[in-house]
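protein-v5.cif follows (mmCIF, C-alpha atoms):
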data_query
#
loop_
_atom_site.label_atom_id
_atom_site.label_comp_id
_atom_site.auth_asym_id
_atom_site.auth_seq_id
_atom_site.Cartn_x
_atom_site.Cartn_y
_atom_site.Cartn_z
CA MET A 1 -102.23 -39.66 185.32
CA THR A 2 -100.75 -37.89 182.28
CA ARG A 3 -99.29 -34.56 183.27
CA THR A 4 -99.61 -31.40 181.22
CA GLU A 5 -96.79 -31.30 178.72
CA TYR A 6 -96.21 -27.55 178.99
CA PRO A 7 -97.63 -26.38 182.35
CA TRP A 8 -95.80 -23.07 182.10
CA LEU A 9 -98.13 -22.09 179.23
CA LEU A 10 -101.19 -22.40 181.49
CA PRO A 11 -102.50 -20.19 184.29
CA SER A 12 -101.45 -21.34 187.74
CA ALA A 13 -105.08 -22.35 188.48
CA MET A 14 -105.09 -24.74 185.50
CA ALA A 15 -101.49 -25.93 185.49
CA ASP A 16 -100.37 -29.27 186.86
CA PRO A 17 -101.64 -29.62 190.45
CA GLU A 18 -98.20 -30.94 191.39
CA LEU A 19 -96.61 -27.61 190.45
CA PRO A 20 -94.59 -26.50 193.51
CA GLY A 21 -95.84 -23.60 195.60
CA ASP A 22 -94.14 -21.15 197.91
CA ARG A 23 -93.77 -21.62 201.64
CA GLY A 24 -97.14 -20.06 202.31
CA GLY A 25 -98.91 -22.75 200.33
CA ARG A 26 -99.77 -20.43 197.43
CA THR A 27 -99.26 -21.66 193.89
CA ARG A 28 -96.36 -20.00 192.17
CA ARG A 29 -96.94 -17.95 189.05
CA THR A 30 -96.27 -19.73 185.79
CA VAL A 31 -94.44 -18.09 182.91
CA ARG A 32 -97.81 -17.24 181.40
CA ASP A 33 -98.90 -15.56 184.66
CA TRP A 34 -95.81 -13.37 184.66
CA ALA A 35 -96.40 -12.39 181.03
CA VAL A 36 -100.07 -11.55 181.74
CA ASP A 37 -99.15 -9.53 184.84
CA ILE A 38 -96.57 -7.53 182.93
CA VAL A 39 -99.02 -6.82 180.10
CA ALA A 40 -101.73 -5.82 182.59
CA PHE A 41 -99.30 -3.48 184.37
CA LEU A 42 -98.26 -1.87 181.09
CA CYS A 43 -101.88 -1.44 179.96
CA ALA A 44 -102.87 0.17 183.25
CA ALA A 45 -99.79 2.40 183.10
CA GLY A 46 -100.59 3.41 179.49
CA PHE A 47 -104.19 4.19 180.44
CA GLY A 48 -102.99 6.25 183.37
CA MET A 49 -100.42 8.14 181.26
CA ALA A 50 -103.14 9.01 178.73
CA ALA A 51 -105.31 10.35 181.54
CA LEU A 52 -102.33 12.23 183.00
CA ALA A 53 -101.61 13.80 179.59
CA ALA A 54 -105.20 15.04 179.42
CA ILE A 55 -104.86 16.51 182.92
CA GLU A 56 -101.60 18.32 182.02
CA ALA A 57 -103.22 19.69 178.86
CA ASP A 58 -105.74 21.46 181.05
CA GLY A 59 -103.89 24.59 182.18
CA SER A 60 -106.25 25.11 185.11
CA THR A 61 -104.89 22.10 187.02
CA PRO A 62 -102.21 23.08 189.60
CA ASP A 63 -98.81 21.41 189.34
CA VAL A 64 -99.18 19.98 192.84
CA VAL A 65 -102.32 18.12 191.75
CA VAL A 66 -100.55 16.82 188.65
CA LEU A 67 -97.68 15.55 190.82
CA ALA A 68 -100.14 13.89 193.22
CA ASP A 69 -101.96 12.31 190.29
CA THR A 70 -98.66 10.96 188.96
CA LEU A 71 -97.64 9.43 192.29
CA ILE A 72 -101.09 7.98 193.00
CA GLY A 73 -101.37 6.54 189.48
CA ALA A 74 -97.94 4.91 189.80
CA ALA A 75 -98.91 3.42 193.17
CA ALA A 76 -102.20 2.10 191.74
CA CYS A 77 -100.37 0.40 188.86
CA CYS A 78 -97.77 -1.12 191.20
CA ALA A 79 -100.55 -2.43 193.45
CA LEU A 80 -101.68 -4.66 190.59
CA TRP A 81 -98.82 -7.06 191.43
CA VAL A 82 -100.81 -8.25 194.46
CA ARG A 83 -104.10 -8.62 192.59
CA ARG A 84 -103.82 -12.45 192.55
CA ARG A 85 -103.48 -12.60 196.32
CA TRP A 86 -106.01 -9.92 197.35
CA PRO A 87 -108.25 -9.30 194.30
CA VAL A 88 -111.34 -8.21 196.25
CA GLY A 89 -109.57 -5.81 198.58
CA LEU A 90 -107.59 -4.26 195.74
CA ALA A 91 -110.71 -3.81 193.59
CA VAL A 92 -112.61 -2.12 196.43
CA ALA A 93 -109.71 0.24 197.17
CA LEU A 94 -109.23 1.18 193.50
CA THR A 95 -112.98 1.69 193.07
CA LEU A 96 -112.99 4.27 195.86
CA LEU A 97 -109.77 5.82 194.60
CA SER A 98 -111.02 6.17 191.03
CA THR A 99 -113.85 8.45 192.14
CA VAL A 100 -111.33 11.31 192.50
CA GLU A 101 -108.33 10.01 190.55
CA PRO A 102 -108.67 9.56 186.77
CA VAL A 103 -105.20 8.00 186.42
CA ALA A 104 -106.30 4.99 188.52
CA ALA A 105 -109.07 4.02 186.07
CA GLY A 106 -106.83 1.63 184.11
CA ALA A 107 -105.69 -0.16 187.27
CA LEU A 108 -109.35 -0.39 188.36
CA LEU A 109 -110.33 -2.16 185.14
CA VAL A 110 -107.53 -4.72 185.59
CA ALA A 111 -108.56 -5.27 189.22
CA LEU A 112 -112.20 -5.79 188.22
CA PHE A 113 -111.11 -8.33 185.62
CA SER A 114 -109.09 -10.21 188.26
CA VAL A 115 -112.06 -10.35 190.62
CA ALA A 116 -114.30 -11.72 187.87
CA VAL A 117 -111.72 -14.41 187.02
CA HIS A 118 -110.74 -15.53 190.52
CA ARG A 119 -113.91 -15.05 192.61
CA PRO A 120 -117.50 -16.40 192.42
CA PHE A 121 -120.44 -14.42 191.13
CA ARG A 122 -121.66 -12.84 194.39
CA PRO A 123 -118.57 -10.75 195.24
CA VAL A 124 -118.17 -9.94 191.55
CA ALA A 125 -121.74 -8.63 191.39
CA LEU A 126 -121.32 -6.53 194.55
CA ILE A 127 -118.03 -4.97 193.45
CA GLY A 128 -119.29 -4.49 189.89
CA ALA A 129 -122.40 -2.74 191.18
CA GLY A 130 -120.22 -0.44 193.26
CA ALA A 131 -118.03 0.37 190.26
CA LEU A 132 -121.13 1.20 188.17
CA VAL A 133 -122.51 3.41 190.91
CA VAL A 134 -119.31 5.48 191.19
CA ALA A 135 -118.80 5.61 187.40
CA PRO A 136 -120.49 9.05 187.07
CA VAL A 137 -118.80 10.47 190.18
CA GLN A 138 -115.30 10.91 188.77
CA PRO A 139 -116.43 12.72 185.56
CA TYR A 140 -118.57 14.97 187.78
CA LEU A 141 -115.79 15.83 190.25
CA ARG A 142 -112.97 16.07 187.71
CA PRO A 143 -114.50 16.48 184.24
CA ASP A 144 -112.51 16.11 181.04
CA PRO A 145 -112.76 19.35 179.03
CA SER A 146 -112.65 17.44 175.73
CA THR A 147 -115.47 14.99 176.67
CA SER A 148 -118.98 15.60 177.91
CA PHE A 149 -120.20 14.28 181.24
CA ILE A 150 -122.70 11.89 179.62
CA ALA A 151 -120.13 10.49 177.19
CA SER A 152 -117.59 9.96 179.99
CA THR A 153 -120.20 8.21 182.12
CA ILE A 154 -121.35 5.93 179.29
CA ILE A 155 -117.75 5.01 178.41
CA GLY A 156 -116.96 4.25 182.04
CA VAL A 157 -120.05 2.04 182.45
CA LEU A 158 -119.35 0.16 179.21
CA LEU A 159 -115.73 -0.48 180.17
CA VAL A 160 -116.76 -1.84 183.60
CA LEU A 161 -119.37 -4.15 182.05
CA LEU A 162 -116.91 -5.28 179.36
CA VAL A 163 -114.11 -6.31 181.73
CA LEU A 164 -116.54 -8.00 184.16
CA SER A 165 -118.18 -10.00 181.35
CA TRP A 166 -114.81 -10.94 179.90
CA GLY A 167 -113.54 -12.06 183.30
CA MET A 168 -116.61 -14.22 183.99
CA VAL A 169 -116.27 -15.90 180.59
CA VAL A 170 -112.62 -16.71 181.33
CA ARG A 171 -113.59 -18.07 184.76
CA SER A 172 -116.33 -20.30 183.35
CA ARG A 173 -113.94 -21.70 180.74
CA ARG A 174 -111.32 -22.46 183.38
CA GLN A 175 -113.90 -24.17 185.58
CA LEU A 176 -114.97 -26.29 182.61
CA VAL A 177 -111.38 -27.34 181.91
CA VAL A 178 -110.76 -28.16 185.58
CA THR A 179 -114.00 -30.19 185.72
CA LEU A 180 -113.10 -32.15 182.60
CA ARG A 181 -109.62 -32.80 183.97
CA GLU A 182 -111.08 -34.08 187.25
CA ARG A 183 -113.48 -36.33 185.36
CA ALA A 184 -110.59 -37.71 183.30
CA ARG A 185 -108.60 -38.31 186.48
CA ARG A 186 -111.53 -40.13 188.09
CA ALA A 187 -112.13 -42.16 184.93
CA GLU A 188 -108.47 -43.17 184.82
CA THR A 189 -108.55 -44.17 188.49
CA GLU A 190 -111.75 -46.16 188.01
CA ALA A 191 -110.27 -47.87 184.95
CA GLY A 192 -107.24 -48.86 187.02
CA LEU A 193 -109.49 -50.22 189.77
CA ARG A 194 -111.54 -52.18 187.23
CA ALA A 195 -108.39 -53.65 185.71
CA GLU A 196 -107.07 -54.58 189.15
CA ARG A 197 -110.41 -56.20 190.07
CA ALA A 198 -110.45 -58.12 186.79
CA GLN A 199 -106.94 -59.40 187.45
CA ARG A 200 -107.88 -60.42 190.97
CA LEU A 201 -110.98 -62.27 189.74
CA ALA A 202 -108.92 -63.99 187.07
CA ARG A 203 -106.38 -65.12 189.67
CA GLU A 204 -109.19 -66.42 191.88
CA ASP A 205 -110.73 -68.33 188.97
CA ILE A 206 -107.37 -69.90 188.13
CA ALA A 207 -106.69 -70.78 191.76
CA ARG A 208 -110.16 -72.31 192.09
CA GLU A 209 -109.72 -74.32 188.91
CA MET A 210 -106.28 -75.56 189.97
CA HIS A 211 -107.64 -76.66 193.33
CA ASP A 212 -110.67 -78.43 191.86
CA VAL A 213 -108.61 -80.27 189.24
CA LEU A 214 -105.37 -81.05 191.00
CA ALA A 215 -106.82 -81.88 194.42
CA HIS A 216 -108.77 -84.77 192.89
CA ARG A 217 -105.75 -86.18 191.06
CA LEU A 218 -103.34 -85.77 193.94
CA THR A 219 -105.77 -87.36 196.38
CA LEU A 220 -105.82 -90.47 194.20
CA LEU A 221 -102.04 -90.49 194.25
CA SER A 222 -102.03 -90.12 198.05
CA VAL A 223 -104.55 -92.92 198.60
CA HIS A 224 -102.80 -95.46 196.38
CA ALA A 225 -99.32 -94.51 197.57
CA GLY A 226 -100.54 -95.00 201.15
CA ALA A 227 -102.00 -98.38 200.22
CA LEU A 228 -98.68 -99.49 198.78
CA GLU A 229 -96.89 -98.20 201.88
CA PHE A 230 -99.10 -99.94 204.45
CA ARG A 231 -99.64 -103.16 202.46
CA PRO A 232 -96.23 -104.23 201.21
CA ASP A 233 -97.47 -107.84 201.07
CA ALA A 234 -100.33 -107.05 198.69
CA PRO A 235 -100.77 -109.38 195.69
CA PRO A 236 -98.75 -108.37 192.61
CA ALA A 237 -101.93 -107.77 190.60
CA GLU A 238 -103.25 -105.30 193.18
CA VAL A 239 -99.88 -103.55 193.37
CA ALA A 240 -99.78 -103.29 189.58
CA ARG A 241 -103.32 -101.87 189.49
CA ALA A 242 -102.46 -99.27 192.16
CA ALA A 243 -99.30 -98.35 190.29
CA GLY A 244 -101.31 -97.94 187.11
CA VAL A 245 -103.79 -95.64 188.82
CA ILE A 246 -100.89 -93.61 190.26
CA ARG A 247 -99.33 -93.33 186.82
CA ASP A 248 -102.58 -92.32 185.13
CA SER A 249 -103.43 -89.80 187.86
CA ALA A 250 -99.96 -88.27 187.70
CA HIS A 251 -100.23 -88.03 183.92
CA GLU A 252 -103.65 -86.34 184.12
CA ALA A 253 -102.43 -83.98 186.83
CA LEU A 254 -99.47 -82.99 184.68
CA GLN A 255 -101.76 -82.42 181.70
CA ASP A 256 -104.11 -80.23 183.75
CA LEU A 257 -101.22 -78.31 185.25
CA ARG A 258 -99.65 -77.79 181.82
CA GLU A 259 -102.93 -76.45 180.47
CA ILE A 260 -103.39 -73.98 183.34
CA ILE A 261 -99.78 -72.77 183.07
CA GLY A 262 -100.30 -72.31 179.34
CA VAL A 263 -103.31 -70.10 180.04
CA LEU A 264 -101.26 -68.10 182.52
CA ARG A 265 -98.50 -67.55 179.96
CA SER A 266 -100.79 -66.62 177.11
CA PRO A 267 -104.40 -67.48 176.34
CA ARG A 268 -103.36 -68.29 172.78
CA ASP A 269 -100.70 -70.76 173.89
CA GLY A 270 -103.06 -72.95 175.91
CA ASP A 271 -104.15 -76.31 174.59
CA GLY A 272 -107.76 -75.20 174.22
CA ASP A 273 -108.69 -78.53 172.60
CA ARG A 274 -108.99 -80.62 175.75
CA PRO A 275 -112.68 -81.34 176.46
CA GLN A 276 -114.10 -79.57 179.48
CA PRO A 277 -116.00 -81.65 182.05
CA THR A 278 -119.77 -81.52 181.79
CA LEU A 279 -122.75 -83.26 183.31
CA ALA A 280 -122.41 -86.03 180.74
CA THR A 281 -118.89 -86.88 181.98
CA LEU A 282 -120.05 -87.43 185.55
CA ASP A 283 -120.09 -91.20 184.92
CA THR A 284 -116.41 -91.06 183.98
CA LEU A 285 -115.59 -89.29 187.26
CA VAL A 286 -117.42 -91.94 189.28
CA ALA A 287 -115.77 -94.76 187.33
CA GLU A 288 -112.38 -93.21 187.95
CA SER A 289 -113.07 -93.08 191.69
CA ARG A 290 -114.26 -96.68 191.68
CA SER A 291 -111.15 -97.80 189.88
CA ALA A 292 -109.16 -96.21 192.69
CA GLY A 293 -110.92 -98.53 195.14
CA MET A 294 -113.54 -96.08 196.36
CA LYS A 295 -117.14 -97.14 196.90
CA VAL A 296 -119.40 -94.71 195.03
CA THR A 297 -123.11 -94.87 194.22
CA LEU A 298 -124.34 -92.59 191.44
CA ASP A 299 -128.01 -91.63 191.20
CA ASN A 300 -128.27 -89.45 188.10
CA ARG A 301 -131.91 -88.72 187.28
CA ILE A 302 -131.23 -86.20 184.53
CA ALA A 303 -132.91 -87.61 181.42
CA ASP A 304 -130.62 -85.89 178.92
CA PRO A 305 -127.32 -84.76 180.52
CA ASP A 306 -126.05 -83.44 177.19
CA ALA A 307 -128.89 -80.90 177.11
CA ALA A 308 -127.75 -79.20 180.30
CA PRO A 309 -125.97 -75.86 179.87
CA ALA A 310 -122.23 -76.33 179.61
CA ALA A 311 -121.40 -73.94 182.45
CA THR A 312 -123.98 -75.52 184.75
CA GLY A 313 -122.84 -79.03 183.92
CA ARG A 314 -119.23 -78.09 184.56
CA THR A 315 -120.17 -76.67 187.96
CA VAL A 316 -122.08 -79.85 188.86
CA TYR A 317 -119.03 -81.89 187.85
CA ARG A 318 -116.71 -79.79 190.01
CA ILE A 319 -119.05 -80.07 193.02
CA ALA A 320 -119.20 -83.85 192.68
CA GLN A 321 -115.45 -84.02 192.16
CA GLU A 322 -114.70 -81.98 195.29
CA GLY A 323 -117.25 -83.96 197.31
CA LEU A 324 -115.65 -87.28 196.30
CA THR A 325 -112.20 -85.89 196.98
CA ASN A 326 -113.21 -84.87 200.51
CA ALA A 327 -114.88 -88.23 201.11
CA ARG A 328 -111.74 -90.04 199.97
CA LYS A 329 -109.56 -87.92 202.27
CA HIS A 330 -111.73 -87.81 205.40
CA ALA A 331 -113.79 -91.03 205.20
CA PRO A 332 -111.76 -93.67 203.35
CA GLY A 333 -113.53 -96.97 202.97
CA ALA A 334 -116.98 -95.43 203.43
CA GLU A 335 -119.46 -95.55 200.56
CA ALA A 336 -120.16 -92.13 199.03
CA THR A 337 -123.41 -91.28 197.28
CA VAL A 338 -123.77 -88.77 194.43
CA ALA A 339 -127.36 -87.79 193.58
CA VAL A 340 -128.28 -85.47 190.71
CA THR A 341 -131.89 -84.47 190.02
CA GLY A 342 -133.75 -81.71 188.19
CA GLY A 343 -134.40 -80.52 184.69
CA PRO A 344 -135.09 -77.49 182.50
CA GLY A 345 -136.93 -74.73 184.34
CA GLN A 346 -136.51 -76.27 187.80
CA GLY A 347 -132.74 -76.30 188.06
CA ILE A 348 -130.29 -79.01 189.01
CA THR A 349 -129.77 -80.31 192.53
CA VAL A 350 -126.59 -82.22 193.31
CA GLU A 351 -125.83 -83.93 196.63
CA VAL A 352 -122.68 -85.73 197.70
CA ARG A 353 -122.95 -87.67 200.98
CA ASN A 354 -120.64 -89.96 202.86
CA PRO A 355 -121.14 -91.68 206.24
CA ALA A 356 -118.68 -91.50 209.09
CA PRO A 357 -115.53 -93.60 208.63
CA THR A 358 -115.70 -97.05 210.24
CA GLU A 359 -112.00 -97.86 210.22
CA PRO A 360 -109.01 -95.89 211.53
CA PHE A 361 -107.07 -94.04 208.87
CA GLU A 362 -104.27 -91.53 208.48
CA HIS A 363 -105.68 -88.04 208.18
CA VAL A 364 -104.82 -86.12 205.03
CA PRO A 365 -104.39 -82.39 205.76
CA GLY A 366 -106.82 -80.04 204.05
CA SER A 367 -106.98 -76.28 203.69
CA GLY A 368 -110.77 -75.91 203.52
CA GLN A 369 -110.43 -73.80 200.37
CA GLY A 370 -112.22 -76.36 198.24
CA LEU A 371 -115.64 -75.86 199.83
CA ILE A 372 -115.12 -72.10 199.86
CA GLY A 373 -114.33 -72.22 196.16
CA LEU A 374 -117.38 -74.37 195.46
CA THR A 375 -119.61 -71.91 197.30
CA GLU A 376 -118.22 -69.04 195.22
CA ARG A 377 -118.59 -71.06 192.03
CA ALA A 378 -122.24 -71.90 192.80
CA THR A 379 -123.01 -68.27 193.71
CA LEU A 380 -121.46 -67.00 190.48
CA ALA A 381 -123.60 -69.48 188.56
CA GLY A 382 -126.72 -68.03 190.22
CA GLY A 383 -127.25 -70.93 192.62
CA ARG A 384 -126.45 -71.82 196.20
CA LEU A 385 -124.43 -74.42 198.09
CA ASP A 386 -124.64 -75.78 201.64
CA HIS A 387 -122.33 -78.19 203.37
CA GLY A 388 -121.91 -79.58 206.85
CA PRO A 389 -121.84 -82.69 209.05
CA GLU A 390 -124.77 -85.10 209.19
CA PRO A 391 -126.46 -86.34 212.41
CA ASP A 392 -124.92 -89.80 211.87
CA GLY A 393 -121.41 -88.36 211.80
CA GLY A 394 -121.14 -88.22 208.03
CA PHE A 395 -120.80 -85.20 205.77
CA ALA A 396 -122.96 -83.80 202.97
CA VAL A 397 -122.58 -81.22 200.25
CA ARG A 398 -125.81 -79.92 198.67
CA ALA A 399 -126.07 -77.45 195.80
CA TRP A 400 -128.79 -76.07 193.59
CA LEU A 401 -128.03 -74.51 190.21
CA PRO A 402 -130.41 -72.83 187.75
CA TRP A 403 -131.26 -74.46 184.41
CA SER A 404 -133.00 -72.06 182.07
CA SER A 405 -135.32 -73.79 179.65
#
Full structure transcribed into structure tokens:
Amino acid sequence: MTRTEYPWLLPSAMADPELPGDRGGRTRRTVRDWAVDIVAFLCAAGFGMAALAAIEADGSTPDVVVLADTLIGAAACCALWVRRRWPVGLAVALTLLSTVEPVAAGALLVALFSVAVHRPFRPVALIGAGALVVAPVQPYLRPDPSTSFIASTIIGVLLVLLVLSWGMVVRSRRQLVVTLRERARRAETEAGLRAERAQRLAREDIAREMHDVLAHRLTLLSVHAGALEFRPDAPPAEVARAAGVIRDSAHEALQDLREIIGVLRSPRDGDGDRPQPTLATLDTLVAESRSAGMKVTLDNRIADPDAAPAATGRTVYRIAQEGLTNARKHAPGAEATVAVTGGPGQGITVEVRNPAPTEPFEHVPGSGQGLIGLTERATLAGGRLDHGPEPDGGFAVRAWLPWSS
């Protein structure tokens, strides 16, 4: 969150929320607050001195009353230094005091302004109504010889209304600024969360792609390396064929890994020209598995595989690839079946089945993340995927994906 560059130029209510406070938890005054408080004190003192000068000009006022007015006016002006902490109490006290003390009128106006700025409408309306009610009392009890009663009352009422209106305008503007700042803070937080979620989804997509691609290649390497290990007396032609498959699979795995790392480094640095698997390349996947010695039956009833949406075809390819990889790891020697049916408007159904293994084999460890990734991939494509053991001891993976016509 970008902090205010010059918080000392703002009121404490609008300054940086991280501005330190005193031990009582109250926000400290900013430089602007001190300047405003000093100006308010001087204005109230000037107003009181003008009223005191008018009282002294009236020769009928006893000196004791003039001295009392001076002391009370000074106390009222000094009380303004606590107006930020107790604005309502100070305004009520000065309202009552101003009924008999003209020199406290300036301090009363400042206190009313503070209430309008720092408190909601209801207490402002109650205190303002009280100030308007007592506005005619002071000119009646202690009239100014140079001003009529009606003129003094009208001036007092107008001044009260003016400072209250001004204070409420200032309060509404501050509330608007605070609201906009909170909205900006929430928007910044939400943008950070969206960016974090996008990064997490990108990492999951990359991890899913790495698993789908590399698991298939590395399983081929594991199967043929195991064959060479457990059949050292195999014919030279079979050994050469297994070595060729190992070499080709290692080369393809390195190419896939190089492409994914290139995307991680920079999207612009990736190869980008390698063809992506689609439904039309499903025959190549099956042929590759057969060349590795796996028994695979393909039943592809899609009339025009090239017409299938690219994203849907790629998902079908990955499902078949993961199903064959699992069959090769957990049921070696068993014949796997890949069936693809469907068409435009009815979607594509892909099934990969394998029976239970008939011969003992060395188990290849698996993490189980492949099927989880396939389920997420099918869900993101708008389809569904189910997997589980068959009654005969085999295993099946079934998925349905939409195909919009």
| Residues at most 6 Å from range 392-396 of chain A, counting all atoms listed in the file, excluding those fewer than 6 positions away in the same chain, as a PyMOL selection string? | chain A and resi 352-356
| request: Decode the PyMOL selection byres ((chain A and resi 123) around 12) for the given file into explicit residues and return them as a PyMOL selection string. | output: chain A and resi 87-89+91-92+112+114-122+124-130+164+168
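With only C-alpha atoms as the atoms that count, the minimum distance from Ala53 in chain A to the choices A:Thr70, A:Ser152, A:Thr358, A:Asn300 is reached by A:Thr70.
For Thr95 in chain A, the list of residues within 10 Å, based on all atoms listed in the file and with local chain neighbours fewer than 6 positions off taken out, reads Gly89, Glu101, Ala104, Ala105, Ala107, Leu108, Leu109, Ala111, Leu112, Ile127, Gly128, Gly130, Ala131, Leu132, Val133, Val134 and Ala135 of chain A.
Note that the spacing between CA of Ala336 in chain A and CA of Gln276 in chain A amounts to 24.0 Å.
Here CA of Leu94 in chain A is placed at a distance of 15.6 Å from CA of Cys43 in chain A.
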| said: One decimal, in Å: what's the spacing between CA of Gln255 in chain A and CA of Met210 in chain A? | reply: 11.7 Å
| said: Which residues would end up in the selection if the PyMOL selection byres ((chain A and resi 383) around 10) were applied here, given that I need the answer as a list of chain:residue names? | reply: A:Thr312, A:Gly347, A:Ile348, A:Thr349, A:Thr375, A:Glu376, A:Arg377, A:Ala378, A:Thr379, A:Leu380, A:Ala381, A:Gly382, A:Arg384, A:Leu385, A:Ala399, A:Trp400, A:Leu401, A:Pro402, A:Trp403
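The shortest atom-to-atom distance to Arg247 in chain A, with all atoms listed in the file taken into account, belongs to A:Ala292 out of A:Ala292, A:Leu374, A:Leu282, A:Val177.
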| task | Just say which residues the PyMOL selection byres ((chain A and resi 288) around 12) picks in this file, as a PyMOL selection string. | result | chain A and resi 216-217+220+245-246+248-249+252+281-287+289-296+321+324-325
| request: Show which residues sit within 12 Å of Gly48 in chain A, as a ChimeraX atom specification. Count all atoms listed in the file, and ignore same-chain residues fewer than 3 positions away. | output: /A:41-45,51-55,69-78,98,101-109
Export C-alpha atoms of the chosen residues as a compact mmCIF listing (two decimals), in the frame of the given file?
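File selection-v4.txt, as written:
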# COMPACT_ATOMS: atom_id res chain seq x y z
CA PHE A 41 -99.30 -3.48 184.37
CA LEU A 42 -98.26 -1.87 181.09
CA CYS A 43 -101.88 -1.44 179.96
CA ALA A 44 -102.87 0.17 183.25
CA ALA A 45 -99.79 2.40 183.10
CA ALA A 51 -105.31 10.35 181.54
CA LEU A 52 -102.33 12.23 183.00
CA ALA A 53 -101.61 13.80 179.59
CA ALA A 54 -105.20 15.04 179.42
CA ILE A 55 -104.86 16.51 182.92
CA ASP A 69 -101.96 12.31 190.29
CA THR A 70 -98.66 10.96 188.96
CA LEU A 71 -97.64 9.43 192.29
CA ILE A 72 -101.09 7.98 193.00
CA GLY A 73 -101.37 6.54 189.48
CA ALA A 74 -97.94 4.91 189.80
CA ALA A 75 -98.91 3.42 193.17
CA ALA A 76 -102.20 2.10 191.74
CA CYS A 77 -100.37 0.40 188.86
CA CYS A 78 -97.77 -1.12 191.20
CA SER A 98 -111.02 6.17 191.03
CA GLU A 101 -108.33 10.01 190.55
CA PRO A 102 -108.67 9.56 186.77
CA VAL A 103 -105.20 8.00 186.42
CA ALA A 104 -106.30 4.99 188.52
CA ALA A 105 -109.07 4.02 186.07
CA GLY A 106 -106.83 1.63 184.11
CA ALA A 107 -105.69 -0.16 187.27
CA LEU A 108 -109.35 -0.39 188.36
CA LEU A 109 -110.33 -2.16 185.14
